[in-house]
Amino acid sequence: MSDRQHPDGGSVAVPATDPPSDLSGALGASDLSGAVITSETRGPRGPGRGRLASWFKGGQGSWKVAIFLLPGIFILGVLVVYPILFTLVRSFYSAHGDQFVGISNYQAMFTSADTLTSIKNNVIWVVVAPAIVAALGLVFAVLTERVPWATAFKVAVFVPMAISFLSSGVIWRLVYQDDPRLGLANAALVGVSKVFQPPGPYPTARPSRPDVLVSDAQAYVTAADYRAGSTAQLGLVAVPPRLIPSDAVQAVAASTEAGSIGGTVWVDFAVGGTGTSGVIDPGELGLPGVKVEVLSDAGDVIGSTKTGPDGTFAITGIEAGSYKVGLADSNFRPAWGGILWLGPALITPSIIISYIWIWAGFAMVLIGAGLAAIPRDVLEAARVDGAGEWQVFRRITGPLLAPLLLVVLVTLLINVLKIFDLILVIPPGSVLADANVIALEMWQVSFGGGQDQGLGSALAILLFILVLPAMAFNLRRFRAEQ
Amino acid sequence: MRIGRTTIVLLLAALLLVVVGCSGGTTTTTTAAGGETTASAAPETSTTSAPDLSGQTMEVAAVWSGAEQDNFQKVIDAFQEQTGVKVTYTSTGDQIATILGTRLQGGSPPDVAVLPQPGLMYSLADQGALQPLTDVIGMEMDANFAPVWKDLGTHEGTQYGLVFKAANKSTFWYNMGVFSDAGVTPPTTWDELLAAADTIQRFGVPPFSVAGADGWTLTDWFENVYLRTAGGEKYDQLTTLEIPWTDPSVTTALEQLAKIWGSDAMLSGGATGALQTDFPTSVVNAFTTPPKAAMVYEGDFVAGVIGSETQATLGTGADFFDFPSINGSPASVVGGGDMAVLMKDSDAGKAFMKFLATPEAATIWAALGGFSSPNKNVDPSVYPDDITRRAATALATAEVVRFDMSDLEPPAFGGTPGKGEWKLLQDFLSNSSDISGIQKQLQDAAAAAASGS
């Protein structure tokens, strides 16, 4: 058993995975089964070659071997080998499986925009998710060695692993809800933003006559010019009744006064929509608290005031000349609605965050076990020699952990390639296509509506081929570590 | 050799185990078949409306669960009482296609299944898994159902399905408080609807809540507008792709739809918000306090959501009006329905189908609520409340009734989240300016799905 050392030449192995060599000879059965598995995957070069040969020669005990192996081979054959082969064959047949169609399923697969989106998303997942999870796991593992209450922290980070993916998906779908009253993420963001930029009193209001009040960014400015002594009638609509202050009363036309520009801002809506647009009809309320400005030709604010309960305002001290009347944007500034987490642009990052939430604990525990296994005396020696904590981490902990990190990364990689549940649950139907990945596309095409199991099988084969290198890598590692 | 002999014994034992394991399935089938034989050998005493079939057993599989299952059980109970047949009910949930497929392969389908989509019935009929119903319930069918319902259950000239439970998918549900505060009344024409919507948005409430996150609600919108602008004949032709989606009649319908979908002021949350809204939320939007919308379009099942998810009371806070007529179109309803089919040639199964076709069976569930019967001989007075009665009556008396188009189309086009018609109508909701572009994409997707299946 000379191949026990790491291929990278390092002499350090995680001790737990290295069984005492004197036992391996005694465990005849396990040795034998190992031999057969090796023969499947690596051919007769493996360590158990001799036994295998003697089995083929019909030596003593060969029947025993066969009997012990039969159930395992049977189960593997029925549940693993047969489905793979059947899927491969099925991928060359039509939707209902009654017609041989050659490679046309593969052609359809690679020309469909849906598959290309799925592949693109899978690439994003593979590049981003395992790296972040492993990095976070490493940080958590290192930190928990140093903080008090480490166990509580570990439990908190690990608990998401105990929740099923489907439930986690539902939780995150709720967290990401667009409406800040429902979604936790937006509730937090909106709560903070309100402190810095309070919304205006009438965010949805707009002019009843767009020809009288012209939109200017979020503010509105009159199209016509006004002089001292004239009045403006500025009607607004789409003011939800609950936003109209209770002191609002029937709107009235403002009286004209020399040296001032006056007017009325009112809710230009009578029940049933019966009133005339731009005219103060009976039953239409004044809109109190609207900030009105008089603007010079250059756009400078000459004076400003707020409307009263009947909607009237008067800005005094106006000199000769022509002015415009504007309603300040602070009246209409909408409450910031938060981030559209589940929109087409952010959907994949959003789901990746939820994935990290679930898996960071897994990485932390594995890496933590690896850390615990690092010989303390090496670390002590380094510290005695004057190495700082960062140096200890970079020169000793890091290299000693590298093989384990690689295993964590590859395991996560395989897991991420097969990601399915979160994508099925989190995105609303309208952005599902933007979030799609190969595993979900395969399911949708074959069962979730498409019922085209030929194309679905082709996608399954694609996924299988993508997972193969990672699987092979992991198998080699395991064998190398044995 | 001693070892060899032991091994052989062990091997034999293992083999035996395998054989027993395999025959487990076979045994069940034989018993089932045996039971069936005794069943059909049972006395064929009479074929009157209530034959005595006591001692026989049968199985019904349907999508209904929860309250619907309880109500259907009452129908089953009445049948058991009349005939003495022992009926087992299996609830399949959403997986009915998979479950029936597996049961058929295993050789033990249920006697009667209730299918949610005609498409599933067609594919089962093509597989030869269904029994023709003409000799079983031919008379009841003609006496109790309008031809449109008979046609729905007919595939290639043979009747296989009986629509037992129907849904009216042409109803607009509105917040009565918002309507009266804004001073509008339920519209009867499309122009009145648009005018009312304009008034409501000037009043300060977004008029429509659209569940854009769920593609199926958008296909229902389209189907209602299309049935009214293009008529029943074109509707049938578009369903089977006799006319393409690029047809001018589709353009007209999409132009009408764009009058609502294309304006952010018309939609609660604008188009972006609508695309994030799923169906239950869209209903809540219209009946929450303060209301985020004045009305929501969907089928008669909205009543159930209003009851369970909101504080609004049907009749005083929430009501519905029929999907308005467009350019003088006749009273039209887009309907859905659950279709009973006979999967075994058993006397008990036949008797049960016959029973389902009677007004009596429909009346039992109708009185319990949450049920519209297409059976024209069901007395409207049995419905428990005015709203159910109006929805059911509109369904039974409409001049033009068509089944939900997306349920008739291949599921790859009309029934998959994020694909086909669902996705493209979502794209149209998000940007309704490029009508001809969407039509072309719809046609491409429909053609691809049609050739794929």
# chains A, B, ... in the order shown; residues from 1 in each chain; ligands from 1
call {"tool": "closest_atom_pairs", "arguments": {"of": "chain A", "to": "chain B", "cutoff": "7 Å", "atoms": "only C-alpha atoms", "output": "JSON lines"}}
result
{"residue": "A:Trp63", "atom": "CA", "partner": "B:Thr7", "partner_atom": "CA", "distance": 5.9}
{"residue": "A:Lys64", "atom": "CA", "partner": "B:Thr7", "partner_atom": "CA", "distance": 6.1}
{"residue": "A:Ile67", "atom": "CA", "partner": "B:Leu11", "partner_atom": "CA", "distance": 6.5}
{"residue": "A:Ala95", "atom": "CA", "partner": "B:Ser453", "partner_atom": "CA", "distance": 6.3}
{"residue": "A:Val237", "atom": "CA", "partner": "B:Arg202", "partner_atom": "CA", "distance": 5.1}
{"residue": "A:Ala238", "atom": "CA", "partner": "B:Gly204", "partner_atom": "CA", "distance": 3.6}
{"residue": "A:Val239", "atom": "CA", "partner": "B:Gly204", "partner_atom": "CA", "distance": 4.6}
{"residue": "A:Pro240", "atom": "CA", "partner": "B:Gly204", "partner_atom": "CA", "distance": 4.1}
{"residue": "A:Pro241", "atom": "CA", "partner": "B:Gly204", "partner_atom": "CA", "distance": 6.9}
{"residue": "A:Phe269", "atom": "CA", "partner": "B:Phe203", "partner_atom": "CA", "distance": 6.3}
{"residue": "A:Val271", "atom": "CA", "partner": "B:Gly183", "partner_atom": "CA", "distance": 4.8}
{"residue": "A:Gly272", "atom": "CA", "partner": "B:Gly183", "partner_atom": "CA", "distance": 3.6}
{"residue": "A:Gly273", "atom": "CA", "partner": "B:Thr199", "partner_atom": "CA", "distance": 5.4}
{"residue": "A:Pro428", "atom": "CA", "partner": "B:Ala213", "partner_atom": "CA", "distance": 5.3}
{"residue": "A:Gly429", "atom": "CA", "partner": "B:Ala213", "partner_atom": "CA", "distance": 4.8}
{"residue": "A:Ser430", "atom": "CA", "partner": "B:Ala213", "partner_atom": "CA", "distance": 4.7}
{"residue": "A:Val431", "atom": "CA", "partner": "B:Gly418", "partner_atom": "CA", "distance": 6.9}
{"residue": "A:Leu432", "atom": "CA", "partner": "B:Gly418", "partner_atom": "CA", "distance": 5.2}
{"residue": "A:Ala433", "atom": "CA", "partner": "B:Gly418", "partner_atom": "CA", "distance": 4.8}
{"residue": "A:Gly448", "atom": "CA", "partner": "B:Thr416", "partner_atom": "CA", "distance": 6.6}
{"residue": "A:Gly449", "atom": "CA", "partner": "B:Thr416", "partner_atom": "CA", "distance": 4.8}
{"residue": "A:Gly450", "atom": "CA", "partner": "B:Ala412", "partner_atom": "CA", "distance": 4.1}
call {"tool": "residues_around", "arguments": {"residues": "B:Ser263", "least_positions_apart": "5", "cutoff": "10 Å", "atoms": "only C-alpha atoms", "output": "list in words"}}
result
Ala258, Gly270, Ala271, Leu429, Asn431 and Ser432 of chain B
call {"tool": "write_last_selection", "arguments": {"atoms": "N, CA and C atoms", "output": "short mmCIF file (atom, residue, chain, number, x, y, z; two decimals), in the first residue's frame"}}
result
data_model
loop_
_atom_site.label_atom_id
_atom_site.label_comp_id
_atom_site.auth_asym_id
_atom_site.auth_seq_id
_atom_site.Cartn_x
_atom_site.Cartn_y
_atom_site.Cartn_z
N ALA B 258 -53.72 45.07 -24.18
CA ALA B 258 -52.69 46.06 -23.91
C ALA B 258 -53.28 47.33 -23.31
N GLY B 270 -47.92 48.34 -10.94
CA GLY B 270 -47.38 48.43 -12.29
C GLY B 270 -47.10 47.04 -12.84
N ALA B 271 -46.57 47.00 -14.05
CA ALA B 271 -46.29 45.69 -14.67
C ALA B 271 -45.26 44.92 -13.85
N LEU B 429 -46.92 41.15 -20.80
CA LEU B 429 -47.33 42.00 -19.68
C LEU B 429 -46.20 42.97 -19.32
N ASN B 431 -43.84 44.05 -21.39
CA ASN B 431 -43.67 45.04 -22.45
C ASN B 431 -44.70 44.77 -23.53
N SER B 432 -45.77 45.57 -23.54
CA SER B 432 -46.87 45.26 -24.44
C SER B 432 -46.82 46.08 -25.73
#
call {"tool": "atom_distance", "arguments": {"atom1": "atom CA of A:Asp310", "atom2": "atom CA of A:Val294"}}
result
19.4 Å
call {"tool": "residues_around", "arguments": {"residues": "B:Asp135", "least_positions_apart": "2", "cutoff": "12 Å", "atoms": "only C-alpha atoms", "output": "PDB file with C-alpha atoms, in the first residue's frame"}}
result
ATOM      1  CA  GLN B 131     -64.100   2.816 -21.992  1.00  0.00           C
ATOM      2  CA  PRO B 132     -66.546   4.491 -24.435  1.00  0.00           C
ATOM      3  CA  LEU B 133     -69.490   6.013 -22.601  1.00  0.00           C
ATOM      4  CA  ILE B 137     -74.680   7.269 -20.220  1.00  0.00           C
ATOM      5  CA  GLY B 138     -75.828   8.261 -23.720  1.00  0.00           C
ATOM      6  CA  MET B 139     -79.384   9.002 -22.633  1.00  0.00           C
ATOM      7  CA  GLU B 140     -78.464  10.925 -19.510  1.00  0.00           C
ATOM      8  CA  MET B 141     -75.957  12.957 -21.495  1.00  0.00           C
ATOM      9  CA  THR B 158     -66.403   8.712 -29.295  1.00  0.00           C
ATOM     10  CA  GLN B 159     -67.631   9.928 -25.955  1.00  0.00           C
ATOM     11  CA  TYR B 160     -65.224   9.179 -23.122  1.00  0.00           C
ATOM     12  CA  ASP B 345     -65.488  -2.263 -17.916  1.00  0.00           C
ATOM     13  CA  LYS B 350     -70.713   1.997 -15.182  1.00  0.00           C
ATOM     14  CA  ALA B 351     -73.372   2.484 -12.533  1.00  0.00           C
ATOM     15  CA  MET B 353     -70.787   7.040 -14.183  1.00  0.00           C
ATOM     16  CA  LYS B 354     -74.523   6.847 -14.736  1.00  0.00           C
TER      17      LYS B 354
END
call {"tool": "select_by_dssp", "arguments": {"residues": "stretch 82-317 of chain B", "states": "helix (DSSP H, G or I)", "output": "MDAnalysis selection string"}}
result
chainID B and resid 82:83 93:105 118:126 134:144 147:152 176:182 190:203 215:239 248:261 264:266 270:275 279:287 302:309
call {"tool": "residues_around", "arguments": {"residues": "A:Leu466", "least_positions_apart": "4", "cutoff": "10 Å", "atoms": "only C-alpha atoms", "output": "ChimeraX atom specification"}}
result
/A:414,417-418,460-462,470-471
call {"tool": "residues_around", "arguments": {"residues": "B:Ile326", "least_positions_apart": "2", "cutoff": "8 Å", "atoms": "only C-alpha atoms", "output": "CSV table (one decimal) with N, CA and C atoms, in the first residue's frame"}}
result
chain,number,residue,atom,x,y,z
B,189,THR,N,-69.9,46.2,-20.5
B,189,THR,CA,-69.2,46.1,-21.7
B,189,THR,C,-67.7,46.5,-21.4
B,190,TRP,N,-66.9,46.1,-22.4
B,190,TRP,CA,-65.4,46.4,-22.2
B,190,TRP,C,-65.1,47.9,-22.1
B,191,ASP,N,-65.8,48.7,-22.9
B,191,ASP,CA,-65.6,50.1,-22.9
B,191,ASP,C,-66.0,50.7,-21.5
B,225,VAL,N,-60.7,37.5,-23.6
B,225,VAL,CA,-60.7,38.6,-24.6
B,225,VAL,C,-60.8,38.1,-26.0
B,228,ARG,N,-64.2,36.8,-27.0
B,228,ARG,CA,-65.2,37.9,-27.3
B,228,ARG,C,-64.8,38.7,-28.5
B,229,THR,N,-63.6,38.8,-28.8
B,229,THR,CA,-63.2,39.6,-30.0
B,229,THR,C,-63.2,38.7,-31.3
B,324,PRO,N,-66.9,41.4,-19.2
B,324,PRO,CA,-67.8,42.2,-20.1
B,324,PRO,C,-67.7,41.8,-21.5
B,328,GLY,N,-70.1,44.1,-28.5
B,328,GLY,CA,-71.4,43.5,-28.6
B,328,GLY,C,-71.3,41.9,-28.7
B,329,SER,N,-70.3,41.3,-28.2
B,329,SER,CA,-70.2,39.9,-28.3
B,329,SER,C,-71.3,39.3,-27.4
call {"tool": "residues_around", "arguments": {"residues": "B:Asp444", "least_positions_apart": "6", "cutoff": "10 Å", "atoms": "only C-alpha atoms", "output": "ChimeraX atom specification"}}
result
/B:244-246,420,438,450
call {"tool": "write_last_selection", "arguments": {"atoms": "C-alpha atoms", "output": "PDB file, in the first residue's frame"}}
result
ATOM      1  CA  PRO B 244     -51.673  30.604 -36.480  1.00  0.00           C
ATOM      2  CA  TRP B 245     -50.997  32.878 -33.534  1.00  0.00           C
ATOM      3  CA  THR B 246     -49.923  35.477 -36.080  1.00  0.00           C
ATOM      4  CA  GLY B 420     -44.450  28.674 -23.884  1.00  0.00           C
ATOM      5  CA  ILE B 438     -45.005  38.367 -29.334  1.00  0.00           C
ATOM      6  CA  ALA B 450     -47.353  20.645 -31.334  1.00  0.00           C
TER       7      ALA B 450
END
call {"tool": "select_by_dssp", "arguments": {"residues": "stretch 44-240 of chain B", "states": "strand (DSSP E or B)", "output": "ChimeraX atom specification"}}
result
/B:57-62,86-91,112-115,145,154-155,158-159,161-168,171-175,189,208-209
call {"tool": "residues_around", "arguments": {"residues": "B:Phe323", "least_positions_apart": "6", "cutoff": "8 Å", "atoms": "only C-alpha atoms", "output": "number ranges by chain"}}
result
B: 170-172, 188, 224
call {"tool": "write_last_selection", "arguments": {"atoms": "N, CA and C atoms", "output": "CSV table (one decimal), in the first residue's frame"}}
result
chain,number,residue,atom,x,y,z
B,170,SER,N,-64.9,33.3,-16.2
B,170,SER,CA,-65.2,34.6,-16.8
B,170,SER,C,-65.8,35.5,-15.8
B,171,THR,N,-65.2,35.7,-14.7
B,171,THR,CA,-65.7,36.5,-13.6
B,171,THR,C,-64.7,37.5,-13.1
B,172,PHE,N,-65.1,38.8,-13.0
B,172,PHE,CA,-64.3,39.8,-12.4
B,172,PHE,C,-64.8,40.0,-11.0
B,188,THR,N,-70.8,46.3,-17.9
B,188,THR,CA,-71.3,45.1,-18.7
B,188,THR,C,-70.5,45.1,-20.1
B,224,ASN,N,-60.4,34.9,-22.5
B,224,ASN,CA,-61.7,35.7,-22.4
B,224,ASN,C,-61.8,36.8,-23.4
call {"tool": "atom_distance", "arguments": {"atom1": "atom CA of A:Gly283", "atom2": "atom CA of B:Asp319"}}
result
27.3 Å
